[in-house]
Amino acid sequence: MSSFTKHPPLQPLSDGIHWQVVEDFEYHVGKEESNDVVKVPAGFITDGASIPKIFWSIIGGPWGKYGYAAILHDFCYSTQTRTRLASDKIFLEAMKVLQVNIFKRLIMYRAVRIASFIPWNKRAKQIKKEVLKTCLP
């Protein structure tokens, strides 16, 4: 089974919403010690799971057992070095590693498959602008 190298400490930011990863950590995709690794650097900023408040009583808030899976998902969406589907599957797999119950895992996975194209596309546009800035004189 997949694995996290550690569960790094997080530091809350002054806005009350975002958190900063304090130490680098890795997640081995597919199986423990696989060569397919997501490396989240210290300094990465996340908001945890983006669960609408209306669903907090059913699923939970931004942080729960699924918190480190949410960090991975945010990082994958931020860097976009993998496809959206691959990023979402890593999120699902990581929740299983974290022993999130199957009901909650599947709801959260389906929610990101349905709605997360919006933040994915927004970030893709930002990346495109950043690349264009570095290419233009």
# chains A, B, ... in the order shown; residues from 1 in each chain; ligands from 1

$ residues_around --residues "region 97-106 of chain A" --least-positions-apart "5" --cutoff "10 Å" --atoms "only C-alpha atoms" --output "PDB file with all heavy atoms, in the first residue's frame"
ATOM      1  N   MET A   1       0.834  -1.182   0.000  1.00  0.00           N
ATOM      2  CA  MET A   1       0.000   0.000   0.000  1.00  0.00           C
ATOM      3  C   MET A   1       0.877   1.244   0.000  1.00  0.00           C
ATOM      4  O   MET A   1       1.999   1.226   0.457  1.00  0.00           O
ATOM      5  CB  MET A   1      -0.918  -0.016   1.226  1.00  0.00           C
ATOM      6  CG  MET A   1      -1.758   1.233   1.316  1.00  0.00           C
ATOM      7  SD  MET A   1      -3.088   1.165   2.505  1.00  0.00           S
ATOM      8  CE  MET A   1      -4.239   0.172   1.598  1.00  0.00           C
ATOM      9  N   SER A   2       0.358   2.336  -0.483  1.00  0.00           N
ATOM     10  CA  SER A   2       1.047   3.625  -0.528  1.00  0.00           C
ATOM     11  C   SER A   2       1.415   4.082   0.865  1.00  0.00           C
ATOM     12  O   SER A   2       0.952   3.532   1.851  1.00  0.00           O
ATOM     13  CB  SER A   2       0.116   4.664  -1.144  1.00  0.00           C
ATOM     14  OG  SER A   2      -0.430   4.169  -2.323  1.00  0.00           O
ATOM     15  N   SER A   3       2.220   5.150   0.917  1.00  0.00           N
ATOM     16  CA  SER A   3       2.608   5.626   2.241  1.00  0.00           C
ATOM     17  C   SER A   3       3.024   7.088   2.231  1.00  0.00           C
ATOM     18  O   SER A   3       3.483   7.611   1.221  1.00  0.00           O
ATOM     19  CB  SER A   3       3.769   4.792   2.780  1.00  0.00           C
ATOM     20  OG  SER A   3       4.924   4.992   1.991  1.00  0.00           O
ATOM     21  N   PHE A   4       2.845   7.723   3.376  1.00  0.00           N
ATOM     22  CA  PHE A   4       3.385   9.055   3.631  1.00  0.00           C
ATOM     23  C   PHE A   4       4.720   8.837   4.316  1.00  0.00           C
ATOM     24  O   PHE A   4       4.868   7.917   5.117  1.00  0.00           O
ATOM     25  CB  PHE A   4       2.481   9.828   4.599  1.00  0.00           C
ATOM     26  CG  PHE A   4       1.197  10.308   3.991  1.00  0.00           C
ATOM     27  CD1 PHE A   4       0.075   9.506   3.988  1.00  0.00           C
ATOM     28  CD2 PHE A   4       1.118  11.575   3.435  1.00  0.00           C
ATOM     29  CE1 PHE A   4      -1.118   9.955   3.443  1.00  0.00           C
ATOM     30  CE2 PHE A   4      -0.067  12.033   2.884  1.00  0.00           C
ATOM     31  CZ  PHE A   4      -1.185  11.221   2.890  1.00  0.00           C
ATOM     32  N   ILE A  58     -21.978  16.657   7.763  1.00  0.00           N
ATOM     33  CA  ILE A  58     -22.008  15.313   7.167  1.00  0.00           C
ATOM     34  C   ILE A  58     -20.593  14.775   6.965  1.00  0.00           C
ATOM     35  O   ILE A  58     -20.285  13.649   7.352  1.00  0.00           O
ATOM     36  CB  ILE A  58     -22.750  15.329   5.811  1.00  0.00           C
ATOM     37  CG1 ILE A  58     -24.186  15.802   6.003  1.00  0.00           C
ATOM     38  CG2 ILE A  58     -22.711  13.967   5.148  1.00  0.00           C
ATOM     39  CD1 ILE A  58     -24.881  16.166   4.705  1.00  0.00           C
ATOM     40  N   ILE A  59     -19.745  15.578   6.344  1.00  0.00           N
ATOM     41  CA  ILE A  59     -18.396  15.146   5.972  1.00  0.00           C
ATOM     42  C   ILE A  59     -17.361  15.570   7.002  1.00  0.00           C
ATOM     43  O   ILE A  59     -16.498  14.808   7.396  1.00  0.00           O
ATOM     44  CB  ILE A  59     -17.999  15.719   4.582  1.00  0.00           C
ATOM     45  CG1 ILE A  59     -18.979  15.236   3.511  1.00  0.00           C
ATOM     46  CG2 ILE A  59     -16.574  15.344   4.221  1.00  0.00           C
ATOM     47  CD1 ILE A  59     -19.006  13.747   3.300  1.00  0.00           C
ATOM     48  N   GLY A  60     -17.414  16.805   7.397  1.00  0.00           N
ATOM     49  CA  GLY A  60     -16.424  17.389   8.284  1.00  0.00           C
ATOM     50  C   GLY A  60     -15.896  18.670   7.667  1.00  0.00           C
ATOM     51  O   GLY A  60     -16.198  18.984   6.521  1.00  0.00           O
ATOM     52  N   GLY A  64      -9.560  16.878   8.934  1.00  0.00           N
ATOM     53  CA  GLY A  64     -10.052  15.652   9.549  1.00  0.00           C
ATOM     54  C   GLY A  64      -9.012  14.587   9.260  1.00  0.00           C
ATOM     55  O   GLY A  64      -7.878  14.895   8.896  1.00  0.00           O
ATOM     56  N   LYS A  65      -9.419  13.342   9.332  1.00  0.00           N
ATOM     57  CA  LYS A  65      -8.489  12.254   8.994  1.00  0.00           C
ATOM     58  C   LYS A  65      -7.918  12.421   7.594  1.00  0.00           C
ATOM     59  O   LYS A  65      -6.831  11.953   7.295  1.00  0.00           O
ATOM     60  CB  LYS A  65      -9.225  10.904   9.047  1.00  0.00           C
ATOM     61  CG  LYS A  65      -9.136  10.179  10.330  1.00  0.00           C
ATOM     62  CD  LYS A  65      -9.749   8.791  10.158  1.00  0.00           C
ATOM     63  CE  LYS A  65      -9.266   7.879  11.232  1.00  0.00           C
ATOM     64  NZ  LYS A  65      -9.851   6.545  11.120  1.00  0.00           N
ATOM     65  N   TYR A  66      -8.661  13.069   6.740  1.00  0.00           N
ATOM     66  CA  TYR A  66      -8.308  13.262   5.337  1.00  0.00           C
ATOM     67  C   TYR A  66      -7.380  14.466   5.114  1.00  0.00           C
ATOM     68  O   TYR A  66      -7.027  14.779   3.982  1.00  0.00           O
ATOM     69  CB  TYR A  66      -9.578  13.472   4.502  1.00  0.00           C
ATOM     70  CG  TYR A  66     -10.571  14.393   5.170  1.00  0.00           C
ATOM     71  CD1 TYR A  66     -10.407  15.777   5.157  1.00  0.00           C
ATOM     72  CD2 TYR A  66     -11.650  13.865   5.870  1.00  0.00           C
ATOM     73  CE1 TYR A  66     -11.286  16.614   5.805  1.00  0.00           C
ATOM     74  CE2 TYR A  66     -12.542  14.697   6.516  1.00  0.00           C
ATOM     75  CZ  TYR A  66     -12.360  16.079   6.481  1.00  0.00           C
ATOM     76  OH  TYR A  66     -13.242  16.906   7.131  1.00  0.00           O
ATOM     77  N   GLY A  67      -6.965  15.149   6.156  1.00  0.00           N
ATOM     78  CA  GLY A  67      -6.203  16.392   6.033  1.00  0.00           C
ATOM     79  C   GLY A  67      -4.952  16.288   5.187  1.00  0.00           C
ATOM     80  O   GLY A  67      -4.702  17.141   4.323  1.00  0.00           O
ATOM     81  N   TYR A  68      -4.131  15.267   5.414  1.00  0.00           N
ATOM     82  CA  TYR A  68      -2.895  15.146   4.640  1.00  0.00           C
ATOM     83  C   TYR A  68      -3.182  14.771   3.192  1.00  0.00           C
ATOM     84  O   TYR A  68      -2.443  15.157   2.286  1.00  0.00           O
ATOM     85  CB  TYR A  68      -1.925  14.169   5.298  1.00  0.00           C
ATOM     86  CG  TYR A  68      -1.361  14.762   6.567  1.00  0.00           C
ATOM     87  CD1 TYR A  68      -1.826  14.362   7.806  1.00  0.00           C
ATOM     88  CD2 TYR A  68      -0.412  15.774   6.515  1.00  0.00           C
ATOM     89  CE1 TYR A  68      -1.347  14.946   8.972  1.00  0.00           C
ATOM     90  CE2 TYR A  68       0.077  16.363   7.675  1.00  0.00           C
ATOM     91  CZ  TYR A  68      -0.399  15.939   8.901  1.00  0.00           C
ATOM     92  OH  TYR A  68       0.068  16.537  10.035  1.00  0.00           O
ATOM     93  N   ALA A  69      -4.276  14.054   2.946  1.00  0.00           N
ATOM     94  CA  ALA A  69      -4.686  13.770   1.570  1.00  0.00           C
ATOM     95  C   ALA A  69      -5.097  15.065   0.877  1.00  0.00           C
ATOM     96  O   ALA A  69      -4.806  15.269  -0.304  1.00  0.00           O
ATOM     97  CB  ALA A  69      -5.837  12.765   1.555  1.00  0.00           C
ATOM     98  N   PHE A  91      -5.585  11.499  -4.331  1.00  0.00           N
ATOM     99  CA  PHE A  91      -6.388  11.955  -3.196  1.00  0.00           C
ATOM    100  C   PHE A  91      -7.198  10.787  -2.621  1.00  0.00           C
ATOM    101  O   PHE A  91      -7.181  10.544  -1.408  1.00  0.00           O
ATOM    102  CB  PHE A  91      -7.311  13.088  -3.662  1.00  0.00           C
ATOM    103  CG  PHE A  91      -8.254  13.626  -2.628  1.00  0.00           C
ATOM    104  CD1 PHE A  91      -7.791  14.134  -1.425  1.00  0.00           C
ATOM    105  CD2 PHE A  91      -9.616  13.657  -2.875  1.00  0.00           C
ATOM    106  CE1 PHE A  91      -8.668  14.652  -0.477  1.00  0.00           C
ATOM    107  CE2 PHE A  91     -10.499  14.185  -1.952  1.00  0.00           C
ATOM    108  CZ  PHE A  91     -10.028  14.685  -0.744  1.00  0.00           C
ATOM    109  N   LEU A  92      -7.866  10.031  -3.484  1.00  0.00           N
ATOM    110  CA  LEU A  92      -8.653   8.876  -3.043  1.00  0.00           C
ATOM    111  C   LEU A  92      -7.769   7.832  -2.367  1.00  0.00           C
ATOM    112  O   LEU A  92      -8.085   7.339  -1.274  1.00  0.00           O
ATOM    113  CB  LEU A  92      -9.391   8.264  -4.246  1.00  0.00           C
ATOM    114  CG  LEU A  92     -10.228   7.024  -3.974  1.00  0.00           C
ATOM    115  CD1 LEU A  92     -11.376   7.328  -3.022  1.00  0.00           C
ATOM    116  CD2 LEU A  92     -10.758   6.459  -5.294  1.00  0.00           C
ATOM    117  N   ALA A 111     -17.027  14.286  -5.227  1.00  0.00           N
ATOM    118  CA  ALA A 111     -17.163  15.746  -5.196  1.00  0.00           C
ATOM    119  C   ALA A 111     -16.028  16.419  -5.964  1.00  0.00           C
ATOM    120  O   ALA A 111     -16.268  17.354  -6.745  1.00  0.00           O
ATOM    121  CB  ALA A 111     -17.213  16.247  -3.756  1.00  0.00           C
ATOM    122  N   VAL A 112     -14.789  15.952  -5.771  1.00  0.00           N
ATOM    123  CA  VAL A 112     -13.683  16.577  -6.507  1.00  0.00           C
ATOM    124  C   VAL A 112     -13.766  16.249  -7.995  1.00  0.00           C
ATOM    125  O   VAL A 112     -13.428  17.085  -8.829  1.00  0.00           O
ATOM    126  CB  VAL A 112     -12.268  16.243  -5.946  1.00  0.00           C
ATOM    127  CG1 VAL A 112     -12.116  16.738  -4.534  1.00  0.00           C
ATOM    128  CG2 VAL A 112     -11.912  14.804  -6.076  1.00  0.00           C
TER     129      VAL A 112
END

$ residues_around --residues "region 121-129 of chain A" --least-positions-apart "2" --cutoff "10 Å" --atoms "only C-alpha atoms" --output "PyMOL selection string"
chain A and resi 77-80+84+116-119+131-135

$ write_last_selection --atoms "N, CA, C and O atoms" --output "short mmCIF file (atom, residue, chain, number, x, y, z; two decimals), in the first residue's frame"
data_model
loop_
_atom_site.label_atom_id
_atom_site.label_comp_id
_atom_site.auth_asym_id
_atom_site.auth_seq_id
_atom_site.Cartn_x
_atom_site.Cartn_y
_atom_site.Cartn_z
N TYR A 77 -2.83 19.95 -7.57
CA TYR A 77 -3.58 20.94 -8.35
C TYR A 77 -2.73 22.19 -8.56
O TYR A 77 -2.80 22.83 -9.60
N SER A 78 -1.93 22.55 -7.58
CA SER A 78 -1.09 23.74 -7.67
C SER A 78 0.01 23.58 -8.73
O SER A 78 0.28 24.50 -9.49
N THR A 79 0.65 22.42 -8.76
CA THR A 79 1.76 22.19 -9.68
C THR A 79 1.32 21.69 -11.04
O THR A 79 1.98 21.95 -12.05
N GLN A 80 0.24 20.94 -11.08
CA GLN A 80 -0.31 20.35 -12.30
C GLN A 80 0.73 19.59 -13.10
O GLN A 80 0.77 19.65 -14.33
N ARG A 84 -5.47 15.91 -13.99
CA ARG A 84 -6.47 16.12 -12.94
C ARG A 84 -6.97 14.77 -12.42
O ARG A 84 -7.10 14.56 -11.21
N SER A 116 -14.19 20.01 -9.08
CA SER A 116 -12.85 20.59 -9.00
C SER A 116 -12.27 21.02 -10.34
O SER A 116 -11.14 21.50 -10.40
N PHE A 117 -13.03 20.87 -11.43
CA PHE A 117 -12.54 21.38 -12.70
C PHE A 117 -12.40 22.90 -12.64
O PHE A 117 -11.57 23.49 -13.33
N ILE A 118 -13.19 23.54 -11.78
CA ILE A 118 -13.15 25.01 -11.68
C ILE A 118 -11.78 25.47 -11.14
O ILE A 118 -11.10 26.24 -11.81
N PRO A 119 -11.35 25.01 -9.93
CA PRO A 119 -10.03 25.43 -9.48
C PRO A 119 -8.90 24.90 -10.37
O PRO A 119 -7.87 25.56 -10.54
N VAL A 131 4.17 31.03 -17.49
CA VAL A 131 5.06 30.51 -18.52
C VAL A 131 5.27 31.54 -19.62
O VAL A 131 6.38 31.78 -20.07
N LEU A 132 4.18 32.18 -20.03
CA LEU A 132 4.29 33.20 -21.07
C LEU A 132 5.17 34.37 -20.63
O LEU A 132 5.95 34.89 -21.42
N LYS A 133 5.07 34.76 -19.37
CA LYS A 133 5.89 35.85 -18.85
C LYS A 133 7.38 35.51 -18.94
O LYS A 133 8.20 36.36 -19.23
N THR A 134 7.72 34.26 -18.67
CA THR A 134 9.14 33.86 -18.71
C THR A 134 9.64 33.70 -20.15
O THR A 134 10.84 33.78 -20.39
N CYS A 135 8.73 33.48 -21.09
CA CYS A 135 9.13 33.27 -22.48
C CYS A 135 9.22 34.57 -23.27
O CYS A 135 9.94 34.65 -24.27
#

$ select_by_dssp --residues "chain A" --states "helix (DSSP H, G or I)" --output "ChimeraX atom specification"
/A:53-55,67-79,84-97,102-115,117-135

$ closest_residue --among "A:Gly61, A:Pro52, A:Gly30, A:Pro41" --to "Ile90 (chain A)" --atoms "only C-alpha atoms"
A:Gly30

$ select_by_dssp --residues "chain A" --states "strand (DSSP E)" --output "list in words"
Ser3, Phe4, Leu10, Gln11, Pro12, Trp19, Gln20, Val21, Phe25, Glu26, Tyr27, His28, Val37, Val38, Lys39, Val40, Ile45 and Thr46 of chain A

$ write_last_selection --atoms "N, CA and C atoms" --output "short mmCIF file (atom, residue, chain, number, x, y, z; two decimals), in the first residue's frame"
data_model
loop_
_atom_site.label_atom_id
_atom_site.label_comp_id
_atom_site.auth_asym_id
_atom_site.auth_seq_id
_atom_site.Cartn_x
_atom_site.Cartn_y
_atom_site.Cartn_z
N SER A 3 2.22 5.15 0.92
CA SER A 3 2.61 5.63 2.24
C SER A 3 3.02 7.09 2.23
N PHE A 4 2.85 7.72 3.38
CA PHE A 4 3.39 9.05 3.63
C PHE A 4 4.72 8.84 4.32
N LEU A 10 2.04 21.58 10.68
CA LEU A 10 1.49 22.69 9.93
C LEU A 10 1.46 23.92 10.82
N GLN A 11 1.57 25.06 10.21
CA GLN A 11 1.54 26.32 10.95
C GLN A 11 0.38 27.15 10.40
N PRO A 12 -0.53 27.59 11.27
CA PRO A 12 -1.64 28.41 10.77
C PRO A 12 -1.15 29.79 10.35
N TRP A 19 -2.94 27.29 5.92
CA TRP A 19 -1.90 26.69 6.75
C TRP A 19 -0.67 26.49 5.89
N GLN A 20 0.49 26.55 6.53
CA GLN A 20 1.75 26.35 5.82
C GLN A 20 2.39 25.05 6.29
N VAL A 21 2.85 24.26 5.33
CA VAL A 21 3.59 23.03 5.65
C VAL A 21 4.96 23.46 6.17
N PHE A 25 7.56 16.78 3.01
CA PHE A 25 7.14 15.40 3.17
C PHE A 25 6.85 14.80 1.80
N GLU A 26 6.83 13.49 1.76
CA GLU A 26 6.60 12.77 0.50
C GLU A 26 5.46 11.78 0.66
N TYR A 27 4.85 11.49 -0.47
CA TYR A 27 3.83 10.46 -0.52
C TYR A 27 4.20 9.52 -1.65
N HIS A 28 4.30 8.24 -1.34
CA HIS A 28 4.63 7.22 -2.34
C HIS A 28 3.33 6.69 -2.93
N VAL A 37 6.58 9.38 -6.62
CA VAL A 37 6.53 10.12 -5.36
C VAL A 37 6.02 11.54 -5.59
N VAL A 38 5.12 11.97 -4.71
CA VAL A 38 4.72 13.38 -4.67
C VAL A 38 5.51 14.00 -3.53
N LYS A 39 6.30 15.02 -3.85
CA LYS A 39 7.14 15.69 -2.84
C LYS A 39 6.55 17.07 -2.54
N VAL A 40 6.03 17.22 -1.33
CA VAL A 40 5.45 18.50 -0.92
C VAL A 40 6.50 19.24 -0.10
N ILE A 45 1.48 26.24 0.93
CA ILE A 45 0.31 26.76 1.66
C ILE A 45 -0.95 26.08 1.15
N THR A 46 -1.79 25.66 2.08
CA THR A 46 -3.02 24.93 1.78
C THR A 46 -4.17 25.46 2.62
#

$ atom_distance --atom1 "CA of Leu72 (chain A)" --atom2 "CA of Ser87 (chain A)"
8.3 Å
